[in-house]
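Below is one structure; the comments refer to it alone.
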Amino acid sequence: MLIKAAYRFLEYLRVVKNSSEHTVRNYAIDLNALKMFLEKDILKREEDDRADKIAYQLCYEQRLCPADDELVFKLVDKRTLRGFIASLAEKEANKRTIVRRISSLRSFFKYAFREKYISENPMEELDSPKLEKRIPVSLSYEHVQKLFDQPDVQNYLGFRDRCIMELFYSSGLRVSELVGLNRQDFDAKNLLVRLRGKGKKERVIPITKNAADWIVAYLMHEERCLDVEGHLAEIDHEAIFLNKLGTRLTSRSVDRSFDKYLTNSGLAGNITPHTIRHTIATHWLENGMDLKTIQTLLGHTSLATTTIYTHVSAKLKKEVYDKAHPRA
């Protein structure tokens, strides 16, 4: 049964592969897209009322698996999958979305074949469209300072946001890693933080003295333990970064704060909090840090992921050259 296998596949990702909830949710969305295609273009053509019983998204969210579902794998062959991929292109779906969905299906059917839900893998001979490598956006030193000048550090929440920016630029954290930081992860004496990255892999990385000073000052801020206008006192005593309700800050809250500062600074566009991660990696490279060290600091599994910053650095140098050269 397709849904039972899909449900167990998500549990496999969560428990065995130790994937993040974000990753598991994306797989659920991609598999659910296939389910919707089957409902509309396969089952309905056969006038089969079983479509109403396919509640895959509900299965994922409630950790339940409908026992009466009879959707068998023989409905999903290579021709069906080609039709599904073609339907995504017809809807003018982003090419990266199509590639991600194909990748999700490839992983799922590989799992289903290994677990003997199917006798052959229908994804084996299907190719993914090739993507051009996108060079990450990176900020100049001047733009970094312009962004950092936006938060009102006389305000408690503004002080928090400046502290976040300093830590981002200090060590290139992912947003999810930053909001997951606990007090016990911060070693002010040795200038280190312990992060939980993708796949819940832990790594310990250095931070600058400047960033450490900002964190210490934020943790000791006189308003942190007070209910005042604009925010409540600390409720979550483990988390470093708190929202205005006194509980752990979320990735979405960080995104919203940055949207405001980026708009005010005139940097809005393709810039996100993740841009600072790209920026510091580029600046490290330009200042002589080797790629292997950058890979370790950023928590990249593959060095190939890190090498993209060599292209960013070359692009920036060319822009500076063209701008500064008297005969350019």
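All residue names refer to the structure tokens as shown: chains lettered A, B, ... in order, residues numbered from 1 in each chain, ligands numbered from 1 in order.
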
- Going by DSSP on the backbone, which bits of stretch 240-303 of chain A are alpha helix (DSSP H)? Write them as a ChimeraX atom specification, please. /A:251-265,273-286,291-298,303

Output file for the residues above (N, CA and C atoms, as a compact mmCIF listing (two decimals), in the first residue's frame):
```txt
# COMPACT_ATOMS: atom_id res chain seq x y z
N SER A 251 12.40 30.53 13.87
CA SER A 251 13.02 30.94 12.61
C SER A 251 12.16 31.95 11.88
N ARG A 252 10.87 31.77 11.94
CA ARG A 252 9.95 32.70 11.26
C ARG A 252 10.03 34.09 11.85
N SER A 253 10.18 34.18 13.17
CA SER A 253 10.31 35.49 13.82
C SER A 253 11.59 36.20 13.38
N VAL A 254 12.67 35.43 13.24
CA VAL A 254 13.93 36.01 12.77
C VAL A 254 13.75 36.55 11.36
N ASP A 255 13.07 35.78 10.50
CA ASP A 255 12.82 36.22 9.12
C ASP A 255 12.03 37.52 9.11
N ARG A 256 11.00 37.60 9.95
CA ARG A 256 10.17 38.81 9.98
C ARG A 256 10.97 40.02 10.43
N SER A 257 11.79 39.85 11.45
CA SER A 257 12.61 40.97 11.94
C SER A 257 13.56 41.45 10.84
N PHE A 258 14.19 40.50 10.16
CA PHE A 258 15.13 40.87 9.11
C PHE A 258 14.44 41.57 7.94
N ASP A 259 13.22 41.14 7.62
CA ASP A 259 12.48 41.81 6.55
C ASP A 259 12.35 43.30 6.84
N LYS A 260 12.06 43.62 8.08
CA LYS A 260 11.89 45.03 8.49
C LYS A 260 13.21 45.78 8.36
N TYR A 261 14.29 45.20 8.85
CA TYR A 261 15.58 45.89 8.81
C TYR A 261 16.11 46.01 7.38
N LEU A 262 15.88 45.00 6.58
CA LEU A 262 16.34 45.04 5.19
C LEU A 262 15.60 46.11 4.40
N THR A 263 14.30 46.23 4.65
CA THR A 263 13.52 47.27 3.97
C THR A 263 14.01 48.65 4.37
N ASN A 264 14.22 48.85 5.67
CA ASN A 264 14.67 50.15 6.17
C ASN A 264 16.06 50.52 5.67
N SER A 265 16.88 49.51 5.44
CA SER A 265 18.26 49.77 5.01
C SER A 265 18.39 49.86 3.49
N PRO A 273 18.19 36.33 6.15
CA PRO A 273 19.18 36.03 7.19
C PRO A 273 20.25 35.06 6.74
N HIS A 274 19.89 34.13 5.85
CA HIS A 274 20.86 33.15 5.36
C HIS A 274 21.96 33.83 4.53
N THR A 275 21.65 35.02 4.01
CA THR A 275 22.65 35.75 3.22
C THR A 275 23.88 36.07 4.05
N ILE A 276 23.69 36.31 5.35
CA ILE A 276 24.84 36.62 6.20
C ILE A 276 25.75 35.41 6.30
N ARG A 277 25.18 34.22 6.28
CA ARG A 277 25.99 32.99 6.27
C ARG A 277 26.85 32.94 5.00
N HIS A 278 26.23 33.23 3.85
CA HIS A 278 26.99 33.29 2.60
C HIS A 278 28.05 34.38 2.67
N THR A 279 27.69 35.50 3.28
CA THR A 279 28.58 36.66 3.32
C THR A 279 29.84 36.37 4.12
N ILE A 280 29.69 35.83 5.32
CA ILE A 280 30.88 35.59 6.14
C ILE A 280 31.75 34.51 5.52
N ALA A 281 31.13 33.51 4.88
CA ALA A 281 31.91 32.47 4.21
C ALA A 281 32.75 33.08 3.09
N THR A 282 32.16 34.00 2.34
CA THR A 282 32.88 34.68 1.26
C THR A 282 34.00 35.54 1.82
N HIS A 283 33.72 36.25 2.91
CA HIS A 283 34.74 37.11 3.52
C HIS A 283 35.88 36.29 4.12
N TRP A 284 35.54 35.14 4.70
CA TRP A 284 36.60 34.24 5.20
C TRP A 284 37.54 33.85 4.06
N LEU A 285 36.93 33.45 2.95
CA LEU A 285 37.71 33.00 1.80
C LEU A 285 38.59 34.13 1.27
N GLU A 286 38.05 35.32 1.17
CA GLU A 286 38.80 36.46 0.66
C GLU A 286 39.95 36.86 1.58
N LEU A 291 39.32 26.28 2.26
CA LEU A 291 37.97 25.75 2.06
C LEU A 291 37.60 24.66 3.06
N LYS A 292 38.56 23.83 3.44
CA LYS A 292 38.29 22.74 4.38
C LYS A 292 37.85 23.28 5.73
N THR A 293 38.50 24.35 6.17
CA THR A 293 38.12 24.97 7.44
C THR A 293 36.74 25.59 7.34
N ILE A 294 36.47 26.27 6.22
CA ILE A 294 35.15 26.87 6.02
C ILE A 294 34.08 25.79 6.01
N GLN A 295 34.37 24.66 5.36
CA GLN A 295 33.44 23.53 5.35
C GLN A 295 33.11 23.08 6.76
N THR A 296 34.13 22.95 7.59
CA THR A 296 33.93 22.50 8.98
C THR A 296 33.11 23.51 9.77
N LEU A 297 33.42 24.78 9.62
CA LEU A 297 32.72 25.83 10.37
C LEU A 297 31.24 25.90 9.98
N LEU A 298 30.96 25.76 8.68
CA LEU A 298 29.58 25.87 8.20
C LEU A 298 28.80 24.58 8.38
N LEU A 303 32.50 18.95 0.57
CA LEU A 303 33.33 20.10 0.23
C LEU A 303 32.83 20.78 -1.03
```

Neighbour list for A:Gln154 as an mmCIF file with N, CA and C atoms, in the first residue's frame, cut-off 12 Å, only C-alpha atoms, skip fewer than 6 positions in-chain:
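Done, and the output landed in out_8.cif:
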```cif
data_model
loop_
_atom_site.group_PDB
_atom_site.id
_atom_site.type_symbol
_atom_site.label_atom_id
_atom_site.label_comp_id
_atom_site.auth_asym_id
_atom_site.auth_seq_id
_atom_site.Cartn_x
_atom_site.Cartn_y
_atom_site.Cartn_z
ATOM 1 N N ARG A 160 18.488 42.518 21.142
ATOM 2 C CA ARG A 160 18.503 41.084 20.787
ATOM 3 C C ARG A 160 18.806 40.893 19.302
ATOM 4 N N ASP A 161 18.151 41.698 18.460
ATOM 5 C CA ASP A 161 18.330 41.542 17.015
ATOM 6 C C ASP A 161 19.757 41.889 16.583
ATOM 7 N N ARG A 162 20.351 42.904 17.204
ATOM 8 C CA ARG A 162 21.741 43.227 16.872
ATOM 9 C C ARG A 162 22.668 42.096 17.327
ATOM 10 N N TYR A 218 23.293 40.512 26.337
ATOM 11 C CA TYR A 218 21.878 40.210 26.099
ATOM 12 C C TYR A 218 21.327 39.300 27.196
ATOM 13 N N HIS A 221 20.763 41.370 30.244
ATOM 14 C CA HIS A 221 19.992 42.597 30.041
ATOM 15 C C HIS A 221 18.953 42.751 31.149
ATOM 16 N N GLU A 222 18.836 43.949 31.675
ATOM 17 C CA GLU A 222 17.963 44.188 32.826
ATOM 18 C C GLU A 222 16.488 43.928 32.514
ATOM 19 N N GLU A 223 16.103 44.015 31.253
ATOM 20 C CA GLU A 223 14.707 43.797 30.900
ATOM 21 C C GLU A 223 14.375 42.331 30.630
#
```

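The space between atom CA of A:Leu126 and atom CA of A:His22 spans 26.1 Å.
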
- Task: Pick out the residues sitting within 8 Å of stretch 100-115 of chain A, and hand them over as number ranges by chain; count only C-alpha atoms, and ignore anything fewer than 3 positions along from it in its own chain.
- Result: A: 5-6, 9, 27, 30-31, 85, 96-97, 118-124, 128

Write the residues of the selection above to a file with C-alpha atoms, as a CSV table (one decimal), in the first residue's frame.
```
chain,number,residue,atom,x,y,z
A,5,ALA,CA,4.8,2.7,2.9
A,6,ALA,CA,4.9,6.5,2.8
A,9,PHE,CA,9.2,6.1,5.1
A,27,TYR,CA,9.1,15.0,1.9
A,30,ASP,CA,6.3,16.2,-2.2
A,31,LEU,CA,4.7,12.8,-1.7
A,85,ILE,CA,6.6,15.2,-13.7
A,96,ARG,CA,14.1,23.6,-8.4
A,97,THR,CA,10.7,22.5,-7.0
A,118,ILE,CA,7.6,-3.2,-4.7
A,119,SER,CA,9.4,-5.6,-7.0
A,120,GLU,CA,11.0,-3.0,-9.1
A,121,ASN,CA,11.8,0.7,-8.7
A,122,PRO,CA,9.8,2.9,-11.2
A,123,MET,CA,12.1,5.8,-10.7
A,124,GLU,CA,15.3,4.1,-11.8
A,128,SER,CA,16.0,14.9,-13.3
```

- Task: Any chance you could list, as a PyMOL selection string, the residues in stretch 164-288 of chain A that come up strand (DSSP E or B) when DSSP is run on the backbone?
- Result: chain A and resi 182+186-187+192-196+202-206+228+231+239+242+248

Could you write out the selected residues, including N, CA and C atoms, as a short mmCIF file (atom, residue, chain, number, x, y, z; two decimals), in the first residue's frame?
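Contents of out-v8.cif, freshly written:
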```
data_model
loop_
_atom_site.label_atom_id
_atom_site.label_comp_id
_atom_site.auth_asym_id
_atom_site.auth_seq_id
_atom_site.Cartn_x
_atom_site.Cartn_y
_atom_site.Cartn_z
N ASN A 182 20.93 26.95 23.32
CA ASN A 182 20.62 27.02 24.74
C ASN A 182 21.79 27.66 25.49
N PHE A 186 26.64 27.78 25.08
CA PHE A 186 27.49 28.96 24.93
C PHE A 186 28.61 28.94 25.96
N ASP A 187 29.85 28.92 25.48
CA ASP A 187 31.04 28.93 26.33
C ASP A 187 31.72 30.28 26.17
N LEU A 192 33.20 29.71 22.37
CA LEU A 192 32.71 28.59 21.58
C LEU A 192 31.19 28.47 21.72
N VAL A 193 30.54 27.93 20.68
CA VAL A 193 29.13 27.56 20.78
C VAL A 193 28.96 26.16 20.20
N ARG A 194 28.04 25.41 20.79
CA ARG A 194 27.72 24.08 20.29
C ARG A 194 26.42 24.18 19.50
N LEU A 195 26.45 23.70 18.25
CA LEU A 195 25.30 23.81 17.37
C LEU A 195 24.74 22.44 17.03
N ARG A 196 23.44 22.40 16.77
CA ARG A 196 22.78 21.21 16.26
C ARG A 196 22.33 21.53 14.84
N GLU A 202 25.83 17.48 15.69
CA GLU A 202 26.38 18.52 16.54
C GLU A 202 27.79 18.89 16.11
N ARG A 203 28.11 20.17 16.24
CA ARG A 203 29.48 20.62 16.02
C ARG A 203 29.73 21.80 16.94
N VAL A 204 30.97 21.97 17.33
CA VAL A 204 31.38 23.09 18.19
C VAL A 204 32.24 24.02 17.35
N ILE A 205 31.86 25.29 17.32
CA ILE A 205 32.58 26.24 16.49
C ILE A 205 32.98 27.47 17.31
N PRO A 206 34.03 28.16 16.89
CA PRO A 206 34.45 29.38 17.59
C PRO A 206 33.58 30.57 17.22
N VAL A 228 7.49 44.27 30.68
CA VAL A 228 7.42 45.70 30.37
C VAL A 228 6.67 45.88 29.06
N HIS A 231 7.22 43.56 25.64
CA HIS A 231 7.62 42.16 25.78
C HIS A 231 7.39 41.68 27.21
N ALA A 239 16.63 28.63 26.64
CA ALA A 239 16.92 29.27 25.35
C ALA A 239 17.72 30.55 25.52
N LEU A 242 15.02 34.86 22.86
CA LEU A 242 13.61 34.81 23.24
C LEU A 242 12.77 35.75 22.37
N ARG A 248 11.07 30.68 23.45
CA ARG A 248 12.13 30.55 22.44
C ARG A 248 11.75 31.23 21.13
#
```

- Min atom-atom distance to A:Arg183 from the set A:Val216, A:Leu81, A:Leu38, A:Ile207, counting only C-alpha atoms, belongs to A:Val216

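Comparing the minimum interatomic distances between A:Lys209 and each of A:Glu39, A:Glu166, A:Glu238, A:Asp149, counting only C-alpha atoms, we find that A:Glu166 sits nearest.
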
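Each of A:Gly299, A:Glu125, A:His237, A:Glu142 was compared to A:Gly172 using only C-alpha atoms, and A:Gly299 turns out to be the nearest.
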
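The space between atom CA of A:Ala212 and atom CA of A:Ala233 spans 22.3 Å.
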
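Closest approach to A:Asn243 from the set A:Gly266, A:Pro151, A:Gly197, A:Gly158 is made by A:Gly158, with distances taken over only C-alpha atoms.
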